[in-house]
>>> print(open('model12.txt').read())   # compact mmCIF, C-alpha atoms
# COMPACT_ATOMS: atom_id res chain seq x y z
CA MET A 1 -16.01 -22.79 2.78
CA THR A 2 -16.14 -23.55 6.51
CA LYS A 3 -16.49 -20.97 9.26
CA ASN A 4 -13.03 -21.88 10.58
CA ASN A 5 -11.47 -21.24 7.18
CA VAL A 6 -13.25 -17.90 6.83
CA LEU A 7 -12.12 -16.88 10.32
CA LYS A 8 -8.58 -17.90 9.46
CA GLY A 9 -8.76 -15.85 6.27
CA VAL A 10 -10.10 -12.79 8.12
CA LEU A 11 -7.27 -13.05 10.65
CA LEU A 12 -4.59 -13.34 7.96
CA VAL A 13 -5.93 -10.47 5.84
CA GLY A 14 -6.46 -8.33 8.95
CA LEU A 15 -2.89 -8.86 10.15
CA GLY A 16 -1.58 -8.09 6.65
CA ALA A 17 -3.60 -4.87 6.50
CA ALA A 18 -2.46 -3.90 10.00
CA SER A 19 1.16 -4.38 8.89
CA TYR A 20 0.61 -2.03 5.97
CA GLY A 21 -1.02 0.42 8.36
CA MET A 22 2.10 0.57 10.54
CA LEU A 23 4.40 1.26 7.60
CA ALA A 24 4.00 5.04 7.22
CA THR A 25 4.72 5.60 10.92
CA PHE A 26 8.00 3.68 10.59
CA VAL A 27 8.86 5.77 7.51
CA LYS A 28 8.24 8.97 9.46
CA LEU A 29 10.43 7.71 12.33
CA ALA A 30 13.19 6.86 9.85
CA TYR A 31 13.08 10.42 8.49
CA ASP A 32 13.55 11.74 12.03
CA ASP A 33 16.61 9.53 12.56
CA LYS A 34 20.19 10.18 11.45
CA GLY A 35 22.61 7.87 9.70
CA MET A 36 26.33 7.22 9.86
CA THR A 37 27.09 10.45 7.96
CA GLY A 38 25.36 12.50 10.66
CA LEU A 39 22.65 13.47 8.17
CA PRO A 40 18.96 12.46 8.33
CA PHE A 41 17.88 9.48 6.25
CA THR A 42 16.54 10.51 2.84
CA PRO A 43 13.52 9.16 0.91
CA ALA A 44 15.93 7.55 -1.57
CA GLU A 45 17.70 5.67 1.23
CA VAL A 46 14.46 4.62 2.92
CA ILE A 47 12.77 3.36 -0.26
CA SER A 48 15.80 1.65 -1.81
CA SER A 49 16.65 -0.19 1.43
CA GLN A 50 13.08 -1.49 1.68
CA PHE A 51 13.10 -2.77 -1.90
CA ILE A 52 16.57 -4.34 -1.78
CA ILE A 53 15.91 -6.26 1.44
CA GLY A 54 12.40 -7.14 0.27
CA ILE A 55 13.75 -8.59 -2.99
CA LEU A 56 16.36 -10.66 -1.11
CA VAL A 57 13.73 -12.10 1.24
CA VAL A 58 11.32 -12.91 -1.62
CA LEU A 59 14.22 -14.55 -3.51
CA LEU A 60 14.77 -16.81 -0.49
CA ILE A 61 11.05 -17.65 -0.38
CA ASN A 62 11.11 -18.59 -4.07
CA ALA A 63 14.23 -20.72 -3.58
CA PHE A 64 12.57 -22.48 -0.63
CA GLN A 65 9.46 -23.24 -2.70
CA LYS A 66 11.56 -24.73 -5.49
CA ALA A 67 13.57 -26.86 -3.05
CA LYS A 68 10.50 -28.11 -1.19
CA LYS A 69 9.73 -31.67 -2.24
CA GLY A 70 6.35 -32.37 -3.71
CA THR A 71 5.62 -28.70 -4.47
CA GLN A 72 4.54 -27.99 -8.03
CA VAL A 73 5.58 -24.47 -9.05
CA VAL A 74 4.35 -23.07 -12.36
CA LYS A 75 7.34 -21.65 -14.21
CA SER A 76 7.01 -18.06 -15.36
CA THR A 77 7.34 -17.46 -19.09
CA LYS A 78 9.39 -14.61 -20.54
CA ASN A 79 6.14 -12.80 -21.35
CA ASP A 80 4.89 -13.26 -17.76
CA ILE A 81 8.12 -11.80 -16.37
CA ILE A 82 8.02 -8.76 -18.66
CA GLN A 83 4.36 -8.07 -17.87
CA LEU A 84 4.90 -8.42 -14.12
CA MET A 85 7.95 -6.15 -14.14
CA VAL A 86 6.08 -3.49 -16.12
CA THR A 87 3.19 -3.78 -13.66
CA GLY A 88 5.68 -3.55 -10.80
CA THR A 89 6.83 -0.11 -11.91
CA SER A 90 3.59 1.26 -10.43
CA THR A 91 4.54 -0.38 -7.12
CA GLY A 92 7.79 1.57 -7.12
CA LEU A 93 5.96 4.79 -7.98
CA THR A 94 3.44 4.21 -5.18
CA SER A 95 6.23 3.92 -2.60
CA ILE A 96 8.02 6.99 -3.96
CA PHE A 97 4.92 9.21 -4.02
CA TYR A 98 3.57 8.00 -0.67
CA TYR A 99 6.88 8.23 1.20
CA LEU A 100 7.46 11.71 -0.20
CA ALA A 101 3.90 12.72 0.74
CA VAL A 102 4.36 11.91 4.42
CA LYS A 103 7.35 14.27 4.52
CA TYR A 104 4.98 17.16 3.92
CA ILE A 105 1.71 16.08 5.53
CA PRO A 106 0.75 14.04 8.62
CA VAL A 107 0.56 10.26 8.26
CA SER A 108 -3.11 10.38 9.27
CA ILE A 109 -3.81 12.57 6.22
CA GLY A 110 -1.53 10.63 3.88
CA ILE A 111 -3.32 7.32 4.44
CA VAL A 112 -6.71 8.98 3.79
CA LEU A 113 -5.41 10.27 0.46
CA LEU A 114 -4.08 6.81 -0.39
CA MET A 115 -7.55 5.37 0.24
CA GLN A 116 -8.86 7.43 -2.70
CA THR A 117 -8.16 4.25 -4.65
CA VAL A 118 -11.83 3.46 -3.89
CA TRP A 119 -13.16 5.95 -6.46
CA MET A 120 -10.07 5.92 -8.68
CA GLY A 121 -10.47 2.18 -9.16
CA LEU A 122 -14.10 2.72 -10.15
CA LEU A 123 -13.11 5.35 -12.73
CA LEU A 124 -10.43 3.04 -14.14
CA GLU A 125 -12.97 0.22 -14.39
CA ILE A 126 -15.43 2.49 -16.24
CA PHE A 127 -12.74 3.73 -18.65
CA LEU A 128 -11.12 0.38 -19.44
CA GLU A 129 -14.07 -1.98 -19.27
CA LYS A 130 -16.73 0.44 -20.57
CA ARG A 131 -19.02 -0.70 -17.78
CA ARG A 132 -21.55 1.51 -16.04
CA PRO A 133 -21.10 1.39 -12.24
CA SER A 134 -23.96 0.26 -10.04
CA THR A 135 -25.98 2.78 -8.04
CA ILE A 136 -24.54 1.48 -4.77
CA LYS A 137 -20.98 2.11 -6.02
CA ILE A 138 -21.83 5.67 -7.04
CA ILE A 139 -23.33 6.28 -3.58
CA ALA A 140 -20.24 4.76 -1.97
CA VAL A 141 -17.96 7.11 -3.93
CA GLY A 142 -19.99 10.08 -2.68
CA ILE A 143 -19.61 8.82 0.89
CA VAL A 144 -15.84 8.40 0.37
CA LEU A 145 -15.51 11.99 -0.86
CA LEU A 146 -17.52 13.30 2.09
CA GLY A 147 -15.46 11.15 4.45
CA THR A 148 -12.27 12.49 2.89
CA VAL A 149 -13.30 16.10 3.51
CA LEU A 150 -13.88 15.26 7.17
CA ALA A 151 -10.88 12.93 7.59
CA THR A 152 -8.45 15.49 6.18
CA ASN A 153 -10.01 18.15 8.44
CA LEU A 154 -10.57 20.55 5.54
CA LEU A 155 -13.46 22.18 7.37
CA GLU A 156 -11.11 23.49 10.07
CA ASN A 157 -9.32 26.67 9.05
CA GLN A 158 -6.54 26.06 11.59
CA VAL A 159 -5.18 23.11 9.60
CA GLU A 160 -2.91 24.11 6.73
CA LEU A 161 -1.94 21.22 4.51
CA ASP A 162 1.12 21.46 2.28
CA TRP A 163 -0.11 21.23 -1.32
CA ARG A 164 2.94 19.13 -2.25
CA GLY A 165 1.86 16.43 0.20
CA ILE A 166 -1.71 16.45 -1.14
CA VAL A 167 -0.58 16.13 -4.77
CA LEU A 168 1.93 13.39 -3.92
CA GLY A 169 -0.68 11.54 -1.84
CA LEU A 170 -3.15 11.56 -4.73
CA LEU A 171 -0.41 10.43 -7.14
CA ALA A 172 0.35 7.56 -4.74
CA ALA A 173 -3.34 6.61 -4.79
CA ALA A 174 -3.38 6.69 -8.61
CA SER A 175 -0.28 4.47 -8.79
CA PHE A 176 -1.69 2.08 -6.20
CA THR A 177 -4.95 1.86 -8.17
CA THR A 178 -2.96 0.85 -11.25
CA THR A 179 -1.07 -1.76 -9.22
CA MET A 180 -4.24 -3.32 -7.80
CA TYR A 181 -6.02 -3.41 -11.15
CA SER A 182 -3.04 -4.84 -13.04
CA ALA A 183 -2.10 -7.35 -10.34
CA ASN A 184 -5.47 -9.06 -10.75
CA LYS A 185 -5.07 -9.29 -14.53
CA VAL A 186 -1.41 -10.13 -15.17
CA ALA A 187 0.19 -13.60 -14.98
CA THR A 188 -2.35 -14.92 -12.49
CA ASN A 189 -1.24 -18.50 -13.27
CA VAL A 190 2.13 -18.20 -11.52
CA SER A 191 2.76 -18.40 -7.77
CA SER A 192 2.32 -15.34 -5.57
CA ALA A 193 6.00 -15.52 -4.57
CA GLN A 194 7.11 -15.31 -8.22
CA ARG A 195 4.62 -12.53 -8.93
CA SER A 196 5.88 -10.58 -5.90
CA LEU A 197 9.50 -11.04 -6.97
CA TYR A 198 9.10 -9.80 -10.55
CA MET A 199 6.84 -6.92 -9.52
CA LEU A 200 9.41 -5.89 -6.91
CA LEU A 201 12.17 -6.03 -9.53
CA GLY A 202 10.11 -3.80 -11.82
CA GLY A 203 9.49 -1.38 -8.97
CA PHE A 204 13.17 -1.44 -8.03
CA VAL A 205 14.13 -0.14 -11.48
CA ILE A 206 12.01 2.97 -10.83
CA VAL A 207 13.37 3.30 -7.27
CA ILE A 208 16.99 3.16 -8.48
CA ILE A 209 16.33 5.86 -11.08
CA PHE A 210 14.68 7.99 -8.38
CA ALA A 211 17.61 7.44 -6.00
CA LEU A 212 20.22 8.33 -8.63
CA PHE A 213 18.51 11.63 -9.41
CA THR A 214 17.61 12.69 -5.85
CA GLN A 215 20.39 11.41 -3.56
CA VAL A 216 22.79 14.36 -3.41
CA THR A 217 24.35 13.59 -0.01
CA PRO A 218 26.62 10.65 0.94
CA PHE A 219 24.57 7.45 1.23
CA ASN A 220 23.78 6.30 4.79
CA TYR A 221 24.39 2.56 4.43
CA ASP A 222 23.30 1.90 7.99
CA ILE A 223 19.72 2.46 6.80
CA PHE A 224 19.71 -1.22 5.81
CA PHE A 225 19.96 -2.57 9.36
CA LYS A 226 18.47 0.42 11.18
CA TRP A 227 15.17 0.77 9.29
CA GLY A 228 15.44 -1.21 6.05
CA ILE A 229 14.64 -4.57 7.66
CA ILE A 230 11.57 -3.21 9.46
CA LEU A 231 10.29 -1.40 6.36
CA ALA A 232 10.85 -4.45 4.15
CA LEU A 233 9.05 -6.77 6.56
CA PHE A 234 6.04 -4.52 7.14
CA GLY A 235 5.82 -3.16 3.59
CA THR A 236 7.14 -5.80 1.22
CA VAL A 237 7.18 -9.25 2.81
CA ILE A 238 4.58 -9.81 5.55
CA PRO A 239 1.46 -8.06 4.10
CA PRO A 240 1.49 -9.70 0.63
CA MET A 241 2.18 -13.15 2.12
CA LEU A 242 -0.63 -12.87 4.68
CA MET A 243 -3.11 -11.39 2.24
CA ASN A 244 -2.35 -13.90 -0.51
CA ALA A 245 -2.91 -16.67 2.05
CA GLY A 246 -6.05 -15.08 3.49
CA PHE A 247 -8.00 -13.91 0.43
CA PRO A 248 -8.76 -17.43 -0.90
CA HIS A 249 -10.57 -18.12 2.41
CA THR A 250 -12.43 -14.81 2.66
CA GLY A 251 -13.22 -14.11 -0.96
CA ILE A 252 -12.66 -10.72 -2.60
CA SER A 253 -15.66 -8.96 -1.02
CA LEU A 254 -15.04 -9.85 2.62
CA GLY A 255 -11.29 -9.65 2.13
CA SER A 256 -11.50 -6.10 0.77
CA ILE A 257 -13.58 -5.00 3.76
CA VAL A 258 -11.10 -6.54 6.22
CA ALA A 259 -8.15 -5.05 4.30
CA SER A 260 -9.55 -1.55 4.91
CA LEU A 261 -8.35 -2.06 8.51
CA GLU A 262 -5.15 -0.45 7.21
CA LEU A 263 -6.80 2.97 7.51
CA PRO A 264 -7.70 3.03 11.24
CA VAL A 265 -4.45 1.24 12.15
CA SER A 266 -2.37 3.83 10.30
CA VAL A 267 -4.22 6.76 11.90
CA SER A 268 -4.04 5.15 15.36
CA MET A 269 -0.28 4.57 15.01
CA ALA A 270 0.22 8.19 13.98
CA PHE A 271 -1.86 9.34 16.96
CA LEU A 272 -0.19 7.09 19.54
CA ILE A 273 3.44 7.06 18.38
CA LEU A 274 3.90 10.25 16.37
CA ASN A 275 1.57 12.30 18.60
CA GLU A 276 -0.32 13.60 15.58
CA THR A 277 -3.53 15.45 16.37
CA VAL A 278 -6.62 13.55 15.22
CA VAL A 279 -9.87 15.33 16.04
CA PHE A 280 -13.35 13.82 16.35
CA THR A 281 -14.50 14.92 12.88
CA GLN A 282 -11.52 13.08 11.34
CA TRP A 283 -12.60 9.85 13.04
CA VAL A 284 -16.11 10.43 11.67
CA GLY A 285 -14.61 10.81 8.18
CA ILE A 286 -12.56 7.64 8.57
CA THR A 287 -15.67 5.75 9.69
CA LEU A 288 -17.54 7.00 6.60
CA ILE A 289 -14.74 5.81 4.31
CA LEU A 290 -14.74 2.37 5.95
CA PHE A 291 -18.54 2.23 5.63
CA ALA A 292 -18.29 3.10 1.92
CA ILE A 293 -15.72 0.35 1.34
CA ALA A 294 -18.00 -2.11 3.11
CA ILE A 295 -21.12 -1.31 1.08
CA MET A 296 -19.12 -1.41 -2.17
CA ASN A 297 -17.94 -4.93 -1.42
CA ILE A 298 -20.93 -6.54 0.25
CA GLN A 299 -22.69 -8.88 -2.13
CA PHE A 300 -26.38 -9.34 -1.57
CA GLN A 301 -27.11 -12.92 -2.52
CA LYS A 302 -30.55 -14.17 -3.42
CA LYS A 303 -31.72 -16.88 -1.11
>>> encode(input="model12.txt", output="structure tokens")
Amino acid sequence: MTKNNVLKGVLLVGLGAASYGMLATFVKLAYDDKGMTGLPFTPAEVISSQFIIGILVVLLINAFQKAKKGTQVVKSTKNDIIQLMVTGTSTGLTSIFYYLAVKYIPVSIGIVLLMQTVWMGLLLEIFLEKRRPSTIKIIAVGIVLLGTVLATNLLENQVELDWRGIVLGLLAAASFTTTMYSANKVATNVSSAQRSLYMLLGGFVIVIIFALFTQVTPFNYDIFFKWGIILALFGTVIPPMLMNAGFPHTGISLGSIVASLELPVSVSMAFLILNETVVFTQWVGITLILFAIAIMNIQFQKK
């Protein structure tokens, strides 16, 4: 692996993570906007528009790959499709929980709660693989929990966080943990475009059910061109494509460290665009979380 390839991989993964980091701010801006009915956009409208446009774009990408001469595309089996769609349901749940969470709590807090996947993933690994975690991972989890206390500003009595946002944020983290774990185990032989498509379709089933049960006002169809395109690009299309292209060059360890860029980007966007208050202790907490992710993923190789 050459230095140029590694640098290219870091750039691709970093841009993908930065795209994810911008997403919650766009969601919050969409909630503050009004649609053609004169009513604010709802979570059902925001999430469903993102998934529908995302699916259409990924369908085009798959069609382009099939039409491209000389490209060998592994065909998905029926079993692959079923497994990917089932796995994709957690993707839909992650979007639902996370987008609902940021209605009740600041984006800067929501992204910190989402990053609890660090210790949730470790617990899932222990439970499913019956494997004792290394000492460094246990230390890293402790650092993450300390960082979370600081990053969510729990030590300041002035900050009152809505319990609904906290619960939803943690549920989003749990769903995202399931997605990450399953995505690395299911149908890894098929192309990333096919995997993305079937996982999106699985997630869309959950999103449609959510929309049918929660959308009580007339549907604002202008969500599709007002915010749907932006949300689909930054949440469904660009990040997976960049990360799938970048990870083979960086490797999992370095790639995971670079991907944690999502956290400071999300907080910075909330601070600069949404004018959310982010105090010094929160930045210290964010730094601790990033440090914990780094030490969990650095591999010390024997020379």
>>> residues_around(input="model12.txt", residues="Phe26 of chain A", least_positions_apart="3", cutoff="12 Å", atoms="only C-alpha atoms", output="number ranges by chain")
A: 19-23, 29-33, 46-47, 50, 99, 102, 107, 226-235, 266, 269-270, 273-274
>>> atom_distance(input="model12.txt", atom1="atom CA of Ser182 of chain A", atom2="atom CA of Ala259 of chain A")
18.1 Å
>>> atom_distance(input="model12.txt", atom1="atom CA of Asn62 of chain A", atom2="atom CA of Leu12 of chain A")
20.5 Å
>>> residues_around(input="model12.txt", residues="Ile295 of chain A", least_positions_apart="2", cutoff="8 Å", atoms="only C-alpha atoms", output="ChimeraX atom specification")
/A:136-137,140,291-293,297-298
>>> closest_residue(input="model12.txt", among="A:Val278, A:Ala187, A:Ala294, A:Thr91", to="Ser256 of chain A", atoms="only C-alpha atoms")
A:Ala294
>>> residues_around(input="model12.txt", residues="segment 77-84 of chain A", least_positions_apart="3", cutoff="12 Å", atoms="all atoms listed in the file", output="list of chain:residue names")
A:Val74, A:Thr87, A:Gly88, A:Thr89, A:Ser90, A:Thr91, A:Thr179, A:Ser182, A:Ala183, A:Asn184, A:Lys185, A:Val186, A:Ala187, A:Thr188, A:Asn189, A:Val190, A:Ser191, A:Ser192, A:Ala193, A:Gln194, A:Arg195, A:Ser196, A:Leu197, A:Tyr198, A:Met199, A:Leu200, A:Leu201, A:Gly202, A:Gly203
>>> write_last_selection(input="model12.txt", atoms="C-alpha atoms", output="tab-separated table (two decimals), keeping the file's coordinate frame")
chain	number	residue	atom	x	y	z
A	74	VAL	CA	4.35	-23.07	-12.36
A	87	THR	CA	3.19	-3.78	-13.66
A	88	GLY	CA	5.68	-3.55	-10.80
A	89	THR	CA	6.83	-0.11	-11.91
A	90	SER	CA	3.59	1.26	-10.43
A	91	THR	CA	4.54	-0.38	-7.12
A	179	THR	CA	-1.07	-1.76	-9.22
A	182	SER	CA	-3.04	-4.84	-13.04
A	183	ALA	CA	-2.10	-7.35	-10.34
A	184	ASN	CA	-5.47	-9.06	-10.75
A	185	LYS	CA	-5.07	-9.29	-14.53
A	186	VAL	CA	-1.41	-10.13	-15.17
A	187	ALA	CA	0.19	-13.60	-14.98
A	188	THR	CA	-2.35	-14.92	-12.49
A	189	ASN	CA	-1.24	-18.50	-13.27
A	190	VAL	CA	2.13	-18.20	-11.52
A	191	SER	CA	2.76	-18.40	-7.77
A	192	SER	CA	2.32	-15.34	-5.57
A	193	ALA	CA	6.00	-15.52	-4.57
A	194	GLN	CA	7.11	-15.31	-8.22
A	195	ARG	CA	4.62	-12.53	-8.93
A	196	SER	CA	5.88	-10.58	-5.90
A	197	LEU	CA	9.50	-11.04	-6.97
A	198	TYR	CA	9.10	-9.80	-10.55
A	199	MET	CA	6.84	-6.92	-9.52
A	200	LEU	CA	9.41	-5.89	-6.91
A	201	LEU	CA	12.17	-6.03	-9.53
A	202	GLY	CA	10.11	-3.80	-11.82
A	203	GLY	CA	9.49	-1.38	-8.97
>>> residues_around(input="model12.txt", residues="Leu114 of chain A", least_positions_apart="6", cutoff="7 Å", atoms="all atoms listed in the file", output="MDAnalysis selection string")
chainID A and resid 169:170 172:173
>>> closest_residue(input="model12.txt", among="A:Gly165, A:Pro248, A:Gly92, A:Gly38", to="Ile206 of chain A", atoms="all atoms listed in the file")
A:Gly92
>>> atom_distance(input="model12.txt", atom1="atom CA of Ser95 of chain A", atom2="atom CA of Phe280 of chain A")
29.0 Å
>>> residues_around(input="model12.txt", residues="segment 143-148 of chain A", least_positions_apart="3", cutoff="6 Å", atoms="only C-alpha atoms", output="list in words")
Ala140, Ala151, Thr152, Gly285, Leu288, Ile289 and Ala292 of chain A
>>> decode(input="model12.txt", residues="segment 158-176 of chain A", atoms="C-alpha atoms", output="short mmCIF file (atom, residue, chain, number, x, y, z; two decimals), in the first residue's frame")
data_model
loop_
_atom_site.label_atom_id
_atom_site.label_comp_id
_atom_site.auth_asym_id
_atom_site.auth_seq_id
_atom_site.Cartn_x
_atom_site.Cartn_y
_atom_site.Cartn_z
CA GLN A 158 -28.01 25.28 33.62
CA VAL A 159 -28.37 22.76 30.79
CA GLU A 160 -31.64 20.83 30.86
CA LEU A 161 -31.78 18.04 28.32
CA ASP A 162 -35.13 16.62 27.23
CA TRP A 163 -35.18 12.97 28.31
CA ARG A 164 -36.99 12.02 25.09
CA GLY A 165 -34.03 13.25 23.03
CA ILE A 166 -31.55 11.34 25.21
CA VAL A 167 -33.51 8.07 24.95
CA LEU A 168 -33.99 8.48 21.19
CA GLY A 169 -30.30 9.34 20.72
CA LEU A 170 -29.23 6.19 22.57
CA LEU A 171 -31.71 4.11 20.55
CA ALA A 172 -30.20 5.59 17.37
CA ALA A 173 -26.75 4.55 18.60
CA ALA A 174 -27.99 1.01 19.32
CA SER A 175 -29.54 0.73 15.85
CA PHE A 176 -26.41 2.13 14.21
#
